[in-house]
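Below is one structure, written out as structure tokens, with a few remarks after it.
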Amino acid sequence: MAPAAINEPPRIDMAALKAAAAPQGPVVDLRTFAHFDNTPGIGTEFRVDGDYRDKSGKPIVSLRDILDDPASLRALGRLVSERGVVFFRNTEISTQEQLKLVHSLGLLGGKPETSGLHVNPCTAPGQNEGDEVARISNNYVFGEKFKRDQSKMLLRRVGKHCWHSDITYEPVPADYACLTIRTVPETGGDTLWASAYDAYDRLSPHMRKFLEGLTALHKGLGFIQLAQKYGIPEFRENRGSPENVGQDLEAIHPVIRTHPLTGWKGLFVNREFTQRIVELTPYESDQLLEFLFNHVSDNQDIQVRFRWEPNSVAIWDNRCTFHSATFDLDDNVREGTRGLSLGEKPYLDPNSLSRREALEKQQQGAQA
Ligand SMILES: [Fe+2]
């Protein structure tokens, strides 16, 4: 099969998506199906096999039931943006379905039509499955010619150093991502996610206020080092958006951003890509960023940990979560594929609320 062309979004019935996204469109509530929340703040999981943890007697829904139904997709996008990450079990999904899914979720959420699917800056052109498919492996980075060499115990990266949101070095970073692990290790290789909404909510009002005036520089240093190591002459251009071009792999974003769909505020700096806070001295910036990075990695109560099984699928929203893989694999193999949709330029609406504030207000409204 000929490789899919770069930045060619999957064929999507835009008229059907627009009809589903219209205010008068059909409303689907995925919470009427059997599910459980993994933690109070982040993660919701659906099972298709009558999971023992669900005693509700609610009907079972599979990701396959949702994939071709725009109204259900719209509900899924909303749920992912509220819960940060949503898991499905026992679902086989092809790489092209992964791409179509994340692009559809983004479009239904109102992302600009110029935002397509992300192409990794180091990806060699003309991959078999298309340039937009990221192959995730503990053995290599972005293709088999880029061998990893840190799999043994004493060479492993410290776990807390790996927390990130995908591609925040791009001027138009990611919204939805979909990952499935196709070669599942018997044990190890779990993925953790943390809620950026909860990270914001766990800061004191004074700290929140201070952070809201700040912006930060994000840079894809890991890719720059990778390119130097492997002699990649230049990064891919037009990485899914007309604004994601150039060889600098850097962008400036607000430290606190408002999620365009939920309207909730979240912390938007991460250890992998955020280099410095623009308005502060280097020393101030280093200290504050170290605190914020630790704030995300140290608070287990804003995190969820997911154990991969064959045919597990995770769908998350990079605008309101951080994630990190666990490198406890040694000689085991963990390989999968990820599709990544581009969202919009991050912004802060000073009048927006935190997740807790918004939910409390909603509850008060319901009681009044
Ligand atoms: Fe990632």
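Each chain of the structure tokens is named A, B, ... in the order shown, its residues numbered from 1; ligands are numbered from 1 in display order.
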Inset, instruction - Identify, on the basis of only C-alpha atoms, every residue whose closest approach to Ser137 in chain A does not exceed 12 Å; exclude the query and any residue fewer than 4 positions from it along the same chain; express the result as a list in words. - result: Val141, Phe142, Gly143, Glu144, Phe146, Lys147, Arg148, Ser151, Leu179, Thr180, Ile181, Arg182, Thr183, Val184, Pro185, Gly189, Ala325, Thr326, Phe327, Leu329, Asn332, Val333, Arg334, Glu335, Gly336, Thr337 and Arg338 of chain A
Inset, instruction - Just the residues within 10 Å of Arg64 in chain A, please, counting only C-alpha atoms, with nothing from its chain fewer than 4 positions along; format it as a list of chain:residue names. - result: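 Using only C-alpha atoms, the neighbours found are A:Asp68, A:Asp69, A:Phe88, A:Thr91, A:Glu92, A:Ile93.
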Legend entry - Site check for ligand 1: residues at most 8 Å away, only C-alpha atoms and all ligand atoms, as a PyMOL selection string: chain A and resi 164-167+323-324
Put those residues in a file: N, CA and C atoms, as an mmCIF file, in the first residue's frame.
```
data_model
loop_
_atom_site.group_PDB
_atom_site.id
_atom_site.type_symbol
_atom_site.label_atom_id
_atom_site.label_comp_id
_atom_site.auth_asym_id
_atom_site.auth_seq_id
_atom_site.Cartn_x
_atom_site.Cartn_y
_atom_site.Cartn_z
ATOM 1 N N HIS A 164 4.754 15.174 30.789
ATOM 2 C CA HIS A 164 4.621 16.188 29.730
ATOM 3 C C HIS A 164 3.198 16.212 29.181
ATOM 4 N N SER A 165 2.902 17.242 28.433
ATOM 5 C CA SER A 165 1.752 17.258 27.518
ATOM 6 C C SER A 165 2.372 17.189 26.138
ATOM 7 N N ASP A 166 1.704 16.545 25.202
ATOM 8 C CA ASP A 166 2.326 16.334 23.897
ATOM 9 C C ASP A 166 2.582 17.643 23.158
ATOM 10 N N ILE A 167 3.754 17.741 22.552
ATOM 11 C CA ILE A 167 4.175 18.749 21.564
ATOM 12 C C ILE A 167 3.860 20.204 21.947
ATOM 13 N N HIS A 323 1.048 13.501 31.011
ATOM 14 C CA HIS A 323 1.170 12.056 31.090
ATOM 15 C C HIS A 323 2.636 11.634 31.099
ATOM 16 N N SER A 324 2.842 10.375 31.487
ATOM 17 C CA SER A 324 4.194 9.837 31.584
ATOM 18 C C SER A 324 4.118 8.321 31.495
#
```
Inset, instruction - Please return as a PyMOL selection string: the residues of range 238-343 of chain A that backbone DSSP assigns to helix (DSSP H, G or I). - result: chain A and resi 282-298+300-302
Inset, instruction - Could you tell me which of A:Ser72, A:Leu288, A:Glu360, A:Ser341 comes closest to Thr32 in chain A if we count only C-alpha atoms? - result: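 Of all the options, A:Ser72 lies closest to Thr32 in chain A.
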Inset, instruction - From a DSSP pass on the backbone, collect the residues of range 67-277 of chain A flagged as strand (DSSP E or B) and hand them back as a PyMOL selection string. - result: chain A and resi 85-88+117+134-137+140-141+147+164+174-183+191-195+215-219+250-254+256-258+264-267+274-277
Take the residues from that selection and write them out as a PDB file, in the first residue's frame, keeping C-alpha atoms.
```
ATOM      1  CA  VAL A  85      -8.600  10.725  29.804  1.00  0.00           C
ATOM      2  CA  VAL A  86     -11.099   8.003  28.831  1.00  0.00           C
ATOM      3  CA  PHE A  87     -10.239   4.297  28.532  1.00  0.00           C
ATOM      4  CA  PHE A  88     -11.845   1.522  26.510  1.00  0.00           C
ATOM      5  CA  LEU A 117      -2.970  15.940  12.519  1.00  0.00           C
ATOM      6  CA  ALA A 134       3.434   7.991  15.765  1.00  0.00           C
ATOM      7  CA  ARG A 135       4.931   4.616  16.569  1.00  0.00           C
ATOM      8  CA  ILE A 136       5.575   4.364  20.302  1.00  0.00           C
ATOM      9  CA  SER A 137       8.163   1.854  21.480  1.00  0.00           C
ATOM     10  CA  TYR A 140      13.250   3.044  19.536  1.00  0.00           C
ATOM     11  CA  VAL A 141      12.129   6.637  19.164  1.00  0.00           C
ATOM     12  CA  LYS A 147      17.508   3.058  18.885  1.00  0.00           C
ATOM     13  CA  HIS A 164       4.621  16.188  29.730  1.00  0.00           C
ATOM     14  CA  ALA A 174      -2.301  19.173  20.547  1.00  0.00           C
ATOM     15  CA  ASP A 175      -5.834  18.622  21.711  1.00  0.00           C
ATOM     16  CA  TYR A 176      -6.890  14.957  21.479  1.00  0.00           C
ATOM     17  CA  ALA A 177      -4.617  11.914  21.391  1.00  0.00           C
ATOM     18  CA  CYS A 178      -5.432   8.238  20.982  1.00  0.00           C
ATOM     19  CA  LEU A 179      -2.978   5.525  21.992  1.00  0.00           C
ATOM     20  CA  THR A 180      -3.233   1.755  21.773  1.00  0.00           C
ATOM     21  CA  ILE A 181      -0.442  -0.614  22.772  1.00  0.00           C
ATOM     22  CA  ARG A 182      -0.220  -3.378  20.175  1.00  0.00           C
ATOM     23  CA  THR A 183       2.598  -5.383  21.756  1.00  0.00           C
ATOM     24  CA  THR A 191       0.974   5.000  31.641  1.00  0.00           C
ATOM     25  CA  LEU A 192       0.111   7.705  34.156  1.00  0.00           C
ATOM     26  CA  TRP A 193      -1.965  10.816  33.513  1.00  0.00           C
ATOM     27  CA  ALA A 194      -2.385  13.867  35.759  1.00  0.00           C
ATOM     28  CA  SER A 195      -5.120  16.479  35.701  1.00  0.00           C
ATOM     29  CA  THR A 215       3.816  33.149  29.865  1.00  0.00           C
ATOM     30  CA  ALA A 216       6.396  30.415  29.299  1.00  0.00           C
ATOM     31  CA  LEU A 217       8.778  29.366  26.553  1.00  0.00           C
ATOM     32  CA  HIS A 218       8.377  25.744  25.411  1.00  0.00           C
ATOM     33  CA  LYS A 219      11.096  24.095  23.305  1.00  0.00           C
ATOM     34  CA  GLU A 250       9.640  26.612  20.176  1.00  0.00           C
ATOM     35  CA  ALA A 251       6.552  28.536  21.248  1.00  0.00           C
ATOM     36  CA  ILE A 252       5.376  30.842  24.013  1.00  0.00           C
ATOM     37  CA  HIS A 253       2.159  29.905  25.828  1.00  0.00           C
ATOM     38  CA  PRO A 254       0.263  31.166  28.883  1.00  0.00           C
ATOM     39  CA  ILE A 256      -2.489  29.057  32.969  1.00  0.00           C
ATOM     40  CA  ARG A 257      -4.796  28.348  30.026  1.00  0.00           C
ATOM     41  CA  THR A 258      -8.547  28.162  29.635  1.00  0.00           C
ATOM     42  CA  TRP A 264     -12.036  25.540  32.989  1.00  0.00           C
ATOM     43  CA  LYS A 265      -8.562  26.783  33.875  1.00  0.00           C
ATOM     44  CA  GLY A 266      -5.569  24.462  33.956  1.00  0.00           C
ATOM     45  CA  LEU A 267      -1.816  24.582  34.564  1.00  0.00           C
ATOM     46  CA  THR A 274       8.873  24.186  29.289  1.00  0.00           C
ATOM     47  CA  GLN A 275      12.197  26.013  29.448  1.00  0.00           C
ATOM     48  CA  ARG A 276      11.528  29.234  31.299  1.00  0.00           C
ATOM     49  CA  ILE A 277       8.943  31.733  32.402  1.00  0.00           C
TER      50      ILE A 277
END
```
Counting only C-alpha atoms, which residues in range 110-192 of chain A sit no more than 6 Å from range 240-249 of chain A? For each one, give the nearest pair of atoms and the distance in Å, sorted by chain then residue number, as a tab-separated table.
```
residue	atom	partner	partner_atom	distance
A:Thr114	CA	A:Ser241	CA	5.8
A:Ser115	CA	A:Ser241	CA	5.1
A:Gly116	CA	A:Gly240	CA	4.9
A:Leu117	CA	A:Gly240	CA	5.0
A:His118	CA	A:Gly240	CA	4.7
A:Tyr169	CA	A:Leu249	CA	5.6
A:Glu170	CA	A:Asn244	CA	5.8
A:Pro171	CA	A:Asn244	CA	6.0
```
